[in-house]
Amino acid sequence: MPPKGAKKAAAATANKTLVLDNGAYTIKAGIVSTGATPTYDDCRVVPNCIARSTRDKCTYVGSELDGCRDFGELAFRRPVEKGFIVNWEAEKAIWEHELMGEAAGAWWRCDPTETNLVLTEKPNCPKELQKNCDEVVFEQFEFAAYYRCVGATLNAYHAPTAASSLASQSLPQECLLIVDTSYSDTTILPLYNGKLLQSAVRRLTVGGKLLTNYLKELSSLRHYNMMEETYLLNEIKEAVSYVVPSSQQFARDLERTWKGRVGDRRELDASIVVDYVLPDYENAIHGHARPHDAAKSRMRRGLQPLQGPREDLLPLGNERFAVPELLFNPSDIGIQEAGIPGAVMESLSVLPEALKVGLLANVVVVGGNSLIAGFMERLETELRALVPVGYLLNVTRADDAVKHTWLGGARFASEQERLREVLVTKAEYDERGSTWLVKRFS
């Protein structure tokens, strides 16, 4: 049996690192070698879920969902709630399938005992959940070495635009304000020299999951019962949603999509209202949107022709912009929180004036909700109205809003000296235990 010192040295010399951005909706993962120059192409994105179909009785783990041919009434089991891993039984099955099984492929498959792990988490994670995570990583997977950190801090190791390429020569960036609007929630995270300013972190409960659920409720109330069609409604949300430029435009668009009262019907604005052709999962797996046709939208299944193609249409009017509006006005459905611009200003209000100036000059938006059409323009417009006139405001979306955090982590992991400073080896964990590790990473 080798001495402890030899064991530590062997673990510390692992020359490849698995960078794992473990999101609630998707897992972003990739292997990074020491001294390499990682790119977005090195990152693999897989669904972070186990889905079971009530129709064909099949169970789909992670990327197997891509092979599903019938998304109707899929029941999802997601191991991450509110950004935190709460179901390790499911998460462990997904990791084993996607990172160590045949689904991983030769490039992404890893042997944990010969691999370091950099794992992201949401801020303010309960200590018991962190302790569970550490125990699974070292006692069940037995990774050689491990570093757990708040995912947003890794963005400081990657400059989002060519304009800021000079800053990337001295990473981490000095001042960086991350707006992370993802599946679970939206968080405002100010960073200084790569360190999270904990007192200024702000969280909104509005995320992609809430938006999809709200669209399900609206569609079920006005058209068909869609409460079990989570996958389909999420697909519709991503395809047709847009953010209006201002609150005034929101009111105008509401008027243009109003059908009017009984006896005083109005023509709907065809530039806003669309008909979404629902998939039948026989001839079509995915639906599509097309311009609104009043005659066709009035047809019911029983009135459709017996011969030829049959269609189910879901007319979408104010749902297109009322759903993503919750990111800016959560009070529309009774959530007593400020929107994203208000949360940004709340975060900055507790910081010194000099820091505010630096952070506002470098605001980077990540997360899938930022891909909604019109989101960035609305965010910048509303922030500009709240920020003092003399301040420089620079708001940019990451080159790849979904993989951006992963790439920052990959660049961090590729620098051996920097990585060695933060890694904890399995030998150290075995010697000192999980309570010490929680304190070390805090």
# chains A, B, ... in the order shown; residues from 1 in each chain; ligands from 1

$ closest_atom_pairs --of "stretch 124-243 of chain A" --to "stretch 40-48 of chain A" --cutoff "12 Å" --atoms "only C-alpha atoms" --output "tab-separated table"
residue	atom	partner	partner_atom	distance
A:His158	CA	A:Tyr40	CA	11.6
A:Tyr183	CA	A:Asn48	CA	11.3
A:Tyr231	CA	A:Pro47	CA	11.8

$ write_last_selection --atoms "N, CA, C and O atoms" --output "PDB file, in the first residue's frame"
ATOM      1  N   HIS A 158     -13.541  34.366 -19.261  1.00  0.00           N
ATOM      2  CA  HIS A 158     -13.833  34.348 -20.692  1.00  0.00           C
ATOM      3  C   HIS A 158     -14.450  35.672 -21.091  1.00  0.00           C
ATOM      4  O   HIS A 158     -15.517  36.040 -20.603  1.00  0.00           O
ATOM      5  N   TYR A 183     -33.280  28.218 -16.584  1.00  0.00           N
ATOM      6  CA  TYR A 183     -34.497  27.422 -16.446  1.00  0.00           C
ATOM      7  C   TYR A 183     -35.136  27.580 -15.069  1.00  0.00           C
ATOM      8  O   TYR A 183     -36.351  27.748 -14.951  1.00  0.00           O
ATOM      9  N   TYR A 231     -43.239  19.261 -22.813  1.00  0.00           N
ATOM     10  CA  TYR A 231     -42.227  19.335 -23.876  1.00  0.00           C
ATOM     11  C   TYR A 231     -42.732  20.181 -25.039  1.00  0.00           C
ATOM     12  O   TYR A 231     -42.016  21.053 -25.554  1.00  0.00           O
TER      13      TYR A 231
END

$ residues_around --residues "A:Asp275" --least-positions-apart "5" --cutoff "9 Å" --atoms "only C-alpha atoms" --output "mmCIF file with N, CA, C and O atoms, in the first residue's frame"
data_model
loop_
_atom_site.group_PDB
_atom_site.id
_atom_site.type_symbol
_atom_site.label_atom_id
_atom_site.label_comp_id
_atom_site.auth_asym_id
_atom_site.auth_seq_id
_atom_site.Cartn_x
_atom_site.Cartn_y
_atom_site.Cartn_z
ATOM 1 N N HIS A 288 -44.992 23.632 -36.044
ATOM 2 C CA HIS A 288 -44.416 24.843 -36.640
ATOM 3 C C HIS A 288 -45.455 25.953 -36.632
ATOM 4 O O HIS A 288 -46.671 25.691 -36.585
ATOM 5 N N ALA A 289 -44.975 27.179 -36.667
ATOM 6 C CA ALA A 289 -45.860 28.344 -36.679
ATOM 7 C C ALA A 289 -46.032 28.849 -38.098
ATOM 8 O O ALA A 289 -45.133 28.733 -38.928
ATOM 9 N N ARG A 290 -47.217 29.416 -38.348
ATOM 10 C CA ARG A 290 -47.481 30.020 -39.655
ATOM 11 C C ARG A 290 -48.422 31.201 -39.450
ATOM 12 O O ARG A 290 -49.053 31.330 -38.380
ATOM 13 N N PRO A 291 -48.548 32.098 -40.431
ATOM 14 C CA PRO A 291 -49.429 33.261 -40.272
ATOM 15 C C PRO A 291 -50.864 32.856 -39.943
ATOM 16 O O PRO A 291 -51.358 31.824 -40.392
ATOM 17 N N HIS A 292 -51.508 33.689 -39.165
ATOM 18 C CA HIS A 292 -52.867 33.389 -38.702
ATOM 19 C C HIS A 292 -53.863 33.392 -39.860
ATOM 20 O O HIS A 292 -53.862 34.278 -40.705
ATOM 21 N N ASP A 293 -54.695 32.357 -39.888
ATOM 22 C CA ASP A 293 -55.789 32.249 -40.865
ATOM 23 C C ASP A 293 -57.073 32.061 -40.074
ATOM 24 O O ASP A 293 -57.309 31.008 -39.480
ATOM 25 N N SER A 297 -58.526 28.580 -38.299
ATOM 26 C CA SER A 297 -58.460 28.484 -36.845
ATOM 27 C C SER A 297 -59.815 28.213 -36.234
ATOM 28 O O SER A 297 -59.906 27.734 -35.103
ATOM 29 N N LEU A 313 -54.786 23.230 -34.732
ATOM 30 C CA LEU A 313 -54.125 24.529 -34.671
ATOM 31 C C LEU A 313 -54.260 25.119 -33.278
ATOM 32 O O LEU A 313 -55.307 25.004 -32.630
ATOM 33 N N LEU A 314 -53.197 25.761 -32.828
ATOM 34 C CA LEU A 314 -53.210 26.483 -31.562
ATOM 35 C C LEU A 314 -52.953 27.958 -31.874
ATOM 36 O O LEU A 314 -51.814 28.357 -32.108
ATOM 37 N N PRO A 315 -54.019 28.790 -31.925
ATOM 38 C CA PRO A 315 -53.813 30.215 -32.193
ATOM 39 C C PRO A 315 -53.107 30.880 -31.009
ATOM 40 O O PRO A 315 -53.468 30.668 -29.851
ATOM 41 N N LEU A 316 -52.088 31.667 -31.299
ATOM 42 C CA LEU A 316 -51.308 32.333 -30.251
ATOM 43 C C LEU A 316 -51.264 33.822 -30.544
ATOM 44 O O LEU A 316 -50.729 34.243 -31.574
ATOM 45 N N GLY A 317 -51.858 34.608 -29.661
ATOM 46 C CA GLY A 317 -51.869 36.058 -29.801
ATOM 47 C C GLY A 317 -51.023 36.699 -28.725
ATOM 48 O O GLY A 317 -49.792 36.697 -28.782
#

$ closest_atom_pairs --of "stretch 286-396 of chain A" --to "stretch 403-420 of chain A" --cutoff "12 Å" --atoms "only C-alpha atoms" --output "Markdown table"
| residue | atom | partner | partner_atom | distance |
| --- | --- | --- | --- | --- |
| A:Val364 | CA | A:His404 | CA | 10.2 |
| A:Val365 | CA | A:His404 | CA | 9.6 |
| A:Val366 | CA | A:His404 | CA | 7.0 |
| A:Gly367 | CA | A:Lys403 | CA | 8.5 |
| A:Gly368 | CA | A:Lys403 | CA | 9.7 |

$ write_last_selection --atoms "C-alpha atoms" --output "CSV table (one decimal), in the first residue's frame"
chain,number,residue,atom,x,y,z
A,364,VAL,CA,-22.9,40.0,-19.5
A,365,VAL,CA,-26.1,38.1,-20.0
A,366,VAL,CA,-26.1,34.3,-20.0
A,367,GLY,CA,-28.9,31.7,-19.9
A,368,GLY,CA,-31.4,30.4,-22.4

$ residues_around --residues "A:Glu81" --least-positions-apart "6" --cutoff "12 Å" --atoms "only C-alpha atoms" --output "count of residues only"
19

$ select_by_dssp --residues "stretch 171-284 of chain A" --states "helix (DSSP H, G or I)" --output "ChimeraX atom specification"
/A:198-200,208-222,230-240,247-256

$ residues_around --residues "stretch 324-328 of chain A" --least-positions-apart "2" --cutoff "7 Å" --atoms "only C-alpha atoms" --output "number ranges by chain"
A: 206, 211, 241-243, 321-322, 330, 332, 339-340

$ write_last_selection --atoms "N, CA, C and O atoms" --output "mmCIF file, in the first residue's frame"
data_model
loop_
_atom_site.group_PDB
_atom_site.id
_atom_site.type_symbol
_atom_site.label_atom_id
_atom_site.label_comp_id
_atom_site.auth_asym_id
_atom_site.auth_seq_id
_atom_site.Cartn_x
_atom_site.Cartn_y
_atom_site.Cartn_z
ATOM 1 N N VAL A 206 -38.507 33.993 -11.402
ATOM 2 C CA VAL A 206 -38.935 33.813 -12.790
ATOM 3 C C VAL A 206 -37.792 33.236 -13.620
ATOM 4 O O VAL A 206 -36.713 33.815 -13.716
ATOM 5 N N LEU A 211 -42.047 30.274 -17.058
ATOM 6 C CA LEU A 211 -42.613 30.771 -18.309
ATOM 7 C C LEU A 211 -43.369 29.663 -19.046
ATOM 8 O O LEU A 211 -44.478 29.877 -19.565
ATOM 9 N N SER A 241 -42.147 33.059 -28.937
ATOM 10 C CA SER A 241 -42.159 34.135 -27.940
ATOM 11 C C SER A 241 -41.282 35.303 -28.374
ATOM 12 O O SER A 241 -40.280 35.128 -29.068
ATOM 13 N N TYR A 242 -41.670 36.488 -27.936
ATOM 14 C CA TYR A 242 -40.826 37.673 -28.137
ATOM 15 C C TYR A 242 -41.114 38.669 -27.024
ATOM 16 O O TYR A 242 -42.179 38.647 -26.398
ATOM 17 N N VAL A 243 -40.149 39.519 -26.745
ATOM 18 C CA VAL A 243 -40.282 40.549 -25.722
ATOM 19 C C VAL A 243 -40.565 41.876 -26.406
ATOM 20 O O VAL A 243 -39.857 42.260 -27.335
ATOM 21 N N PHE A 321 -46.178 37.448 -26.233
ATOM 22 C CA PHE A 321 -45.373 38.452 -25.532
ATOM 23 C C PHE A 321 -45.751 38.593 -24.059
ATOM 24 O O PHE A 321 -44.971 39.128 -23.269
ATOM 25 N N ALA A 322 -46.943 38.115 -23.665
ATOM 26 C CA ALA A 322 -47.333 38.223 -22.260
ATOM 27 C C ALA A 322 -46.533 37.263 -21.382
ATOM 28 O O ALA A 322 -46.276 37.557 -20.206
ATOM 29 N N PRO A 330 -42.854 40.646 -13.069
ATOM 30 C CA PRO A 330 -43.420 39.451 -12.424
ATOM 31 C C PRO A 330 -44.745 39.716 -11.723
ATOM 32 O O PRO A 330 -45.525 38.797 -11.496
ATOM 33 N N ASP A 332 -47.300 40.826 -12.877
ATOM 34 C CA ASP A 332 -48.436 40.526 -13.751
ATOM 35 C C ASP A 332 -49.187 39.285 -13.295
ATOM 36 O O ASP A 332 -50.380 39.141 -13.581
ATOM 37 N N GLY A 339 -38.604 43.312 -11.667
ATOM 38 C CA GLY A 339 -38.131 42.621 -12.854
ATOM 39 C C GLY A 339 -36.610 42.598 -12.889
ATOM 40 O O GLY A 339 -35.934 43.051 -11.953
ATOM 41 N N ILE A 340 -36.066 42.094 -13.986
ATOM 42 C CA ILE A 340 -34.602 41.979 -14.079
ATOM 43 C C ILE A 340 -33.912 43.333 -13.950
ATOM 44 O O ILE A 340 -32.950 43.461 -13.180
#

$ closest_residue --among "A:Asn213, A:Ser246, A:Gln140, A:Asn116" --to "A:Asn234" --atoms "only C-alpha atoms"
A:Asn213

$ atom_distance --atom1 "atom CA of A:Leu204" --atom2 "atom CA of A:Thr186"
5.0 Å

$ residues_around --residues "A:Met100" --least-positions-apart "5" --cutoff "10 Å" --atoms "only C-alpha atoms" --output "MDAnalysis selection string"
chainID A and resid 94:95 105:106 108:112

$ write_last_selection --atoms "all heavy atoms" --output "compact mmCIF listing (two decimals), in the first residue's frame"
# COMPACT_ATOMS: atom_id res chain seq x y z
N ILE A 94 -28.02 9.76 -14.67
CA ILE A 94 -27.76 10.58 -15.86
C ILE A 94 -26.26 10.73 -16.08
O ILE A 94 -25.76 10.60 -17.20
CB ILE A 94 -28.44 11.95 -15.72
CG1 ILE A 94 -29.96 11.79 -15.68
CG2 ILE A 94 -28.05 12.88 -16.88
CD1 ILE A 94 -30.71 13.04 -15.28
N TRP A 95 -25.50 11.03 -15.03
CA TRP A 95 -24.05 11.16 -15.16
C TRP A 95 -23.42 9.88 -15.68
O TRP A 95 -22.58 9.91 -16.58
CB TRP A 95 -23.43 11.53 -13.80
CG TRP A 95 -23.58 12.96 -13.40
CD1 TRP A 95 -24.44 13.88 -13.94
CD2 TRP A 95 -22.86 13.64 -12.37
NE1 TRP A 95 -24.31 15.08 -13.31
CE2 TRP A 95 -23.34 14.97 -12.34
CE3 TRP A 95 -21.89 13.25 -11.47
CZ2 TRP A 95 -22.86 15.91 -11.43
CZ3 TRP A 95 -21.40 14.19 -10.56
CH2 TRP A 95 -21.88 15.50 -10.55
N GLY A 105 -19.53 8.51 -25.92
CA GLY A 105 -18.61 8.51 -27.05
C GLY A 105 -17.17 8.54 -26.55
O GLY A 105 -16.89 8.79 -25.37
N ALA A 106 -16.25 8.33 -27.45
CA ALA A 106 -14.84 8.21 -27.06
C ALA A 106 -14.28 9.51 -26.49
O ALA A 106 -13.47 9.51 -25.56
CB ALA A 106 -14.01 7.76 -28.26
N TRP A 108 -15.88 12.19 -24.96
CA TRP A 108 -16.41 12.71 -23.70
C TRP A 108 -16.38 11.68 -22.56
O TRP A 108 -16.58 12.03 -21.42
CB TRP A 108 -17.84 13.23 -23.90
CG TRP A 108 -17.89 14.54 -24.58
CD1 TRP A 108 -17.59 15.76 -24.05
CD2 TRP A 108 -18.24 14.81 -25.94
NE1 TRP A 108 -17.74 16.76 -24.97
CE2 TRP A 108 -18.14 16.21 -26.15
CE3 TRP A 108 -18.64 14.00 -27.01
CZ2 TRP A 108 -18.43 16.80 -27.37
CZ3 TRP A 108 -18.93 14.61 -28.22
CH2 TRP A 108 -18.81 15.98 -28.40
N ARG A 109 -16.17 10.40 -22.87
CA ARG A 109 -16.17 9.40 -21.81
C ARG A 109 -14.94 9.57 -20.93
O ARG A 109 -13.84 9.83 -21.43
CB ARG A 109 -16.20 8.00 -22.42
CG ARG A 109 -16.44 6.90 -21.37
CD ARG A 109 -16.39 5.52 -21.98
NE ARG A 109 -17.38 5.36 -23.03
CZ ARG A 109 -17.09 5.08 -24.30
NH1 ARG A 109 -15.82 4.94 -24.67
NH2 ARG A 109 -18.03 4.94 -25.20
N CYS A 110 -15.12 9.40 -19.64
CA CYS A 110 -13.98 9.58 -18.73
C CYS A 110 -13.97 8.50 -17.66
O CYS A 110 -15.01 7.93 -17.32
CB CYS A 110 -14.04 10.97 -18.07
SG CYS A 110 -15.37 11.18 -16.87
N ASP A 111 -12.78 8.25 -17.13
CA ASP A 111 -12.59 7.38 -15.98
C ASP A 111 -12.42 8.30 -14.77
O ASP A 111 -11.41 9.00 -14.66
CB ASP A 111 -11.36 6.51 -16.17
CG ASP A 111 -11.10 5.62 -14.96
OD1 ASP A 111 -11.87 5.71 -13.98
OD2 ASP A 111 -10.13 4.85 -14.99
N PRO A 112 -13.40 8.35 -13.87
CA PRO A 112 -13.32 9.32 -12.75
C PRO A 112 -12.04 9.21 -11.94
O PRO A 112 -11.53 10.22 -11.46
CB PRO A 112 -14.56 8.97 -11.91
CG PRO A 112 -15.51 8.33 -12.86
CD PRO A 112 -14.65 7.58 -13.83

$ closest_residue --among "A:Ala29, A:Val19, A:Val422, A:Leu392" --to "A:Thr115" --atoms "only C-alpha atoms"
A:Val19

$ atom_distance --atom1 "atom CA of A:Trp436" --atom2 "atom CA of A:Glu421"
16.5 Å

$ atom_distance --atom1 "atom CA of A:Asn362" --atom2 "atom CA of A:Leu176"
5.4 Å

$ closest_residue --among "A:Ile285, A:Ile335, A:Leu278, A:Val244" --to "A:Arg310" --atoms "only C-alpha atoms"
A:Leu278

$ closest_residue --among "A:Lys356, A:Lys127, A:Lys259, A:Arg202" --to "A:Ser442" --atoms "only C-alpha atoms"
A:Lys127

$ select_by_dssp --residues "stretch 181-405 of chain A" --states "strand (DSSP E)" --output "PyMOL selection string"
chain A and resi 181+186-192+195-196+202-204+260-261+264-265+274-277+288-291+313-316+363-366+395-397

$ write_last_selection --atoms "N, CA and C atoms" --output "mmCIF file, in the first residue's frame"
data_model
loop_
_atom_site.group_PDB
_atom_site.id
_atom_site.type_symbol
_atom_site.label_atom_id
_atom_site.label_comp_id
_atom_site.auth_asym_id
_atom_site.auth_seq_id
_atom_site.Cartn_x
_atom_site.Cartn_y
_atom_site.Cartn_z
ATOM 1 N N THR A 181 -30.165 34.264 -16.635
ATOM 2 C CA THR A 181 -31.597 33.993 -16.712
ATOM 3 C C THR A 181 -31.790 32.621 -17.340
ATOM 4 N N THR A 186 -33.749 33.500 -12.258
ATOM 5 C CA THR A 186 -32.850 34.524 -12.803
ATOM 6 C C THR A 186 -32.041 35.089 -11.650
ATOM 7 N N THR A 187 -30.730 35.121 -11.795
ATOM 8 C CA THR A 187 -29.877 35.622 -10.719
ATOM 9 C C THR A 187 -28.977 36.738 -11.227
ATOM 10 N N ILE A 188 -28.756 37.715 -10.351
ATOM 11 C CA ILE A 188 -27.852 38.839 -10.625
ATOM 12 C C ILE A 188 -26.615 38.614 -9.772
ATOM 13 N N LEU A 189 -25.448 38.504 -10.416
ATOM 14 C CA LEU A 189 -24.234 38.100 -9.702
ATOM 15 C C LEU A 189 -23.077 39.038 -10.027
ATOM 16 N N PRO A 190 -22.760 39.980 -9.142
ATOM 17 C CA PRO A 190 -21.599 40.860 -9.362
ATOM 18 C C PRO A 190 -20.297 40.156 -8.957
ATOM 19 N N LEU A 191 -19.296 40.282 -9.814
ATOM 20 C CA LEU A 191 -18.005 39.645 -9.553
ATOM 21 C C LEU A 191 -16.907 40.704 -9.522
ATOM 22 N N TYR A 192 -15.962 40.526 -8.593
ATOM 23 C CA TYR A 192 -14.787 41.391 -8.538
ATOM 24 C C TYR A 192 -13.553 40.503 -8.485
ATOM 25 N N LYS A 195 -14.257 36.886 -7.895
ATOM 26 C CA LYS A 195 -14.894 36.512 -6.631
ATOM 27 C C LYS A 195 -16.314 37.068 -6.581
ATOM 28 N N LEU A 196 -17.229 36.253 -6.080
ATOM 29 C CA LEU A 196 -18.623 36.664 -5.991
ATOM 30 C C LEU A 196 -18.823 37.610 -4.812
ATOM 31 N N ARG A 202 -28.711 38.812 -6.112
ATOM 32 C CA ARG A 202 -30.169 38.917 -6.102
ATOM 33 C C ARG A 202 -30.754 37.799 -6.968
ATOM 34 N N ARG A 203 -31.874 37.244 -6.514
ATOM 35 C CA ARG A 203 -32.506 36.133 -7.235
ATOM 36 C C ARG A 203 -33.965 36.440 -7.519
ATOM 37 N N LEU A 204 -34.394 36.189 -8.754
ATOM 38 C CA LEU A 204 -35.802 36.271 -9.140
ATOM 39 C C LEU A 204 -36.320 34.852 -9.362
ATOM 40 N N GLY A 260 -62.226 41.384 -29.012
ATOM 41 C CA GLY A 260 -63.413 42.210 -28.841
ATOM 42 C C GLY A 260 -64.478 41.490 -28.035
ATOM 43 N N ARG A 261 -65.582 42.195 -27.789
ATOM 44 C CA ARG A 261 -66.676 41.624 -27.016
ATOM 45 C C ARG A 261 -67.647 40.886 -27.928
ATOM 46 N N ASP A 264 -69.297 42.537 -30.894
ATOM 47 C CA ASP A 264 -68.382 43.598 -31.353
ATOM 48 C C ASP A 264 -67.013 42.980 -31.610
ATOM 49 N N ARG A 265 -66.992 41.984 -32.484
ATOM 50 C CA ARG A 265 -65.757 41.267 -32.783
ATOM 51 C C ARG A 265 -64.799 42.122 -33.591
ATOM 52 N N VAL A 274 -50.283 34.218 -34.549
ATOM 53 C CA VAL A 274 -49.840 33.116 -35.409
ATOM 54 C C VAL A 274 -50.657 31.871 -35.074
ATOM 55 N N ASP A 275 -50.710 30.972 -36.008
ATOM 56 C CA ASP A 275 -51.299 29.655 -35.772
ATOM 57 C C ASP A 275 -50.164 28.651 -35.645
ATOM 58 N N TYR A 276 -50.130 27.945 -34.522
ATOM 59 C CA TYR A 276 -49.114 26.912 -34.343
ATOM 60 C C TYR A 276 -49.734 25.574 -34.703
ATOM 61 N N VAL A 277 -49.182 24.919 -35.723
ATOM 62 C CA VAL A 277 -49.675 23.620 -36.168
ATOM 63 C C VAL A 277 -49.102 22.559 -35.227
ATOM 64 N N HIS A 288 -44.992 23.632 -36.044
ATOM 65 C CA HIS A 288 -44.416 24.843 -36.640
ATOM 66 C C HIS A 288 -45.455 25.953 -36.632
ATOM 67 N N ALA A 289 -44.975 27.179 -36.667
ATOM 68 C CA ALA A 289 -45.860 28.344 -36.679
ATOM 69 C C ALA A 289 -46.032 28.849 -38.098
ATOM 70 N N ARG A 290 -47.217 29.416 -38.348
ATOM 71 C CA ARG A 290 -47.481 30.020 -39.655
ATOM 72 C C ARG A 290 -48.422 31.201 -39.450
ATOM 73 N N PRO A 291 -48.548 32.098 -40.431
ATOM 74 C CA PRO A 291 -49.429 33.261 -40.272
ATOM 75 C C PRO A 291 -50.864 32.856 -39.943
ATOM 76 N N LEU A 313 -54.786 23.230 -34.732
ATOM 77 C CA LEU A 313 -54.125 24.529 -34.671
ATOM 78 C C LEU A 313 -54.260 25.119 -33.278
ATOM 79 N N LEU A 314 -53.197 25.761 -32.828
ATOM 80 C CA LEU A 314 -53.210 26.483 -31.562
ATOM 81 C C LEU A 314 -52.953 27.958 -31.874
ATOM 82 N N PRO A 315 -54.019 28.790 -31.925
ATOM 83 C CA PRO A 315 -53.813 30.215 -32.193
ATOM 84 C C PRO A 315 -53.107 30.880 -31.009
ATOM 85 N N LEU A 316 -52.088 31.667 -31.299
ATOM 86 C CA LEU A 316 -51.308 32.333 -30.251
ATOM 87 C C LEU A 316 -51.264 33.822 -30.544
ATOM 88 N N VAL A 363 -21.610 44.367 -18.281
ATOM 89 C CA VAL A 363 -22.749 43.505 -17.945
ATOM 90 C C VAL A 363 -22.858 42.421 -19.022
ATOM 91 N N VAL A 364 -22.796 41.170 -18.603
ATOM 92 C CA VAL A 364 -22.873 40.045 -19.530
ATOM 93 C C VAL A 364 -24.089 39.189 -19.173
ATOM 94 N N VAL A 365 -24.890 38.887 -20.181
ATOM 95 C CA VAL A 365 -26.117 38.116 -19.985
ATOM 96 C C VAL A 365 -25.900 36.697 -20.493
ATOM 97 N N VAL A 366 -26.218 35.716 -19.663
ATOM 98 C CA VAL A 366 -26.128 34.298 -20.046
ATOM 99 C C VAL A 366 -27.461 33.633 -19.712
ATOM 100 N N VAL A 395 -24.084 46.470 -22.119
ATOM 101 C CA VAL A 395 -24.785 45.207 -21.899
ATOM 102 C C VAL A 395 -24.601 44.329 -23.132
ATOM 103 N N THR A 396 -24.043 43.141 -22.935
ATOM 104 C CA THR A 396 -23.832 42.221 -24.057
ATOM 105 C C THR A 396 -24.339 40.831 -23.688
ATOM 106 N N ARG A 397 -24.749 40.109 -24.706
ATOM 107 C CA ARG A 397 -25.096 38.707 -24.517
ATOM 108 C C ARG A 397 -23.888 37.869 -24.907
#

$ closest_residue --among "A:Asn329, A:Asn124, A:Ile178, A:Leu232" --to "A:Ser199" --atoms "only C-alpha atoms"
A:Asn124
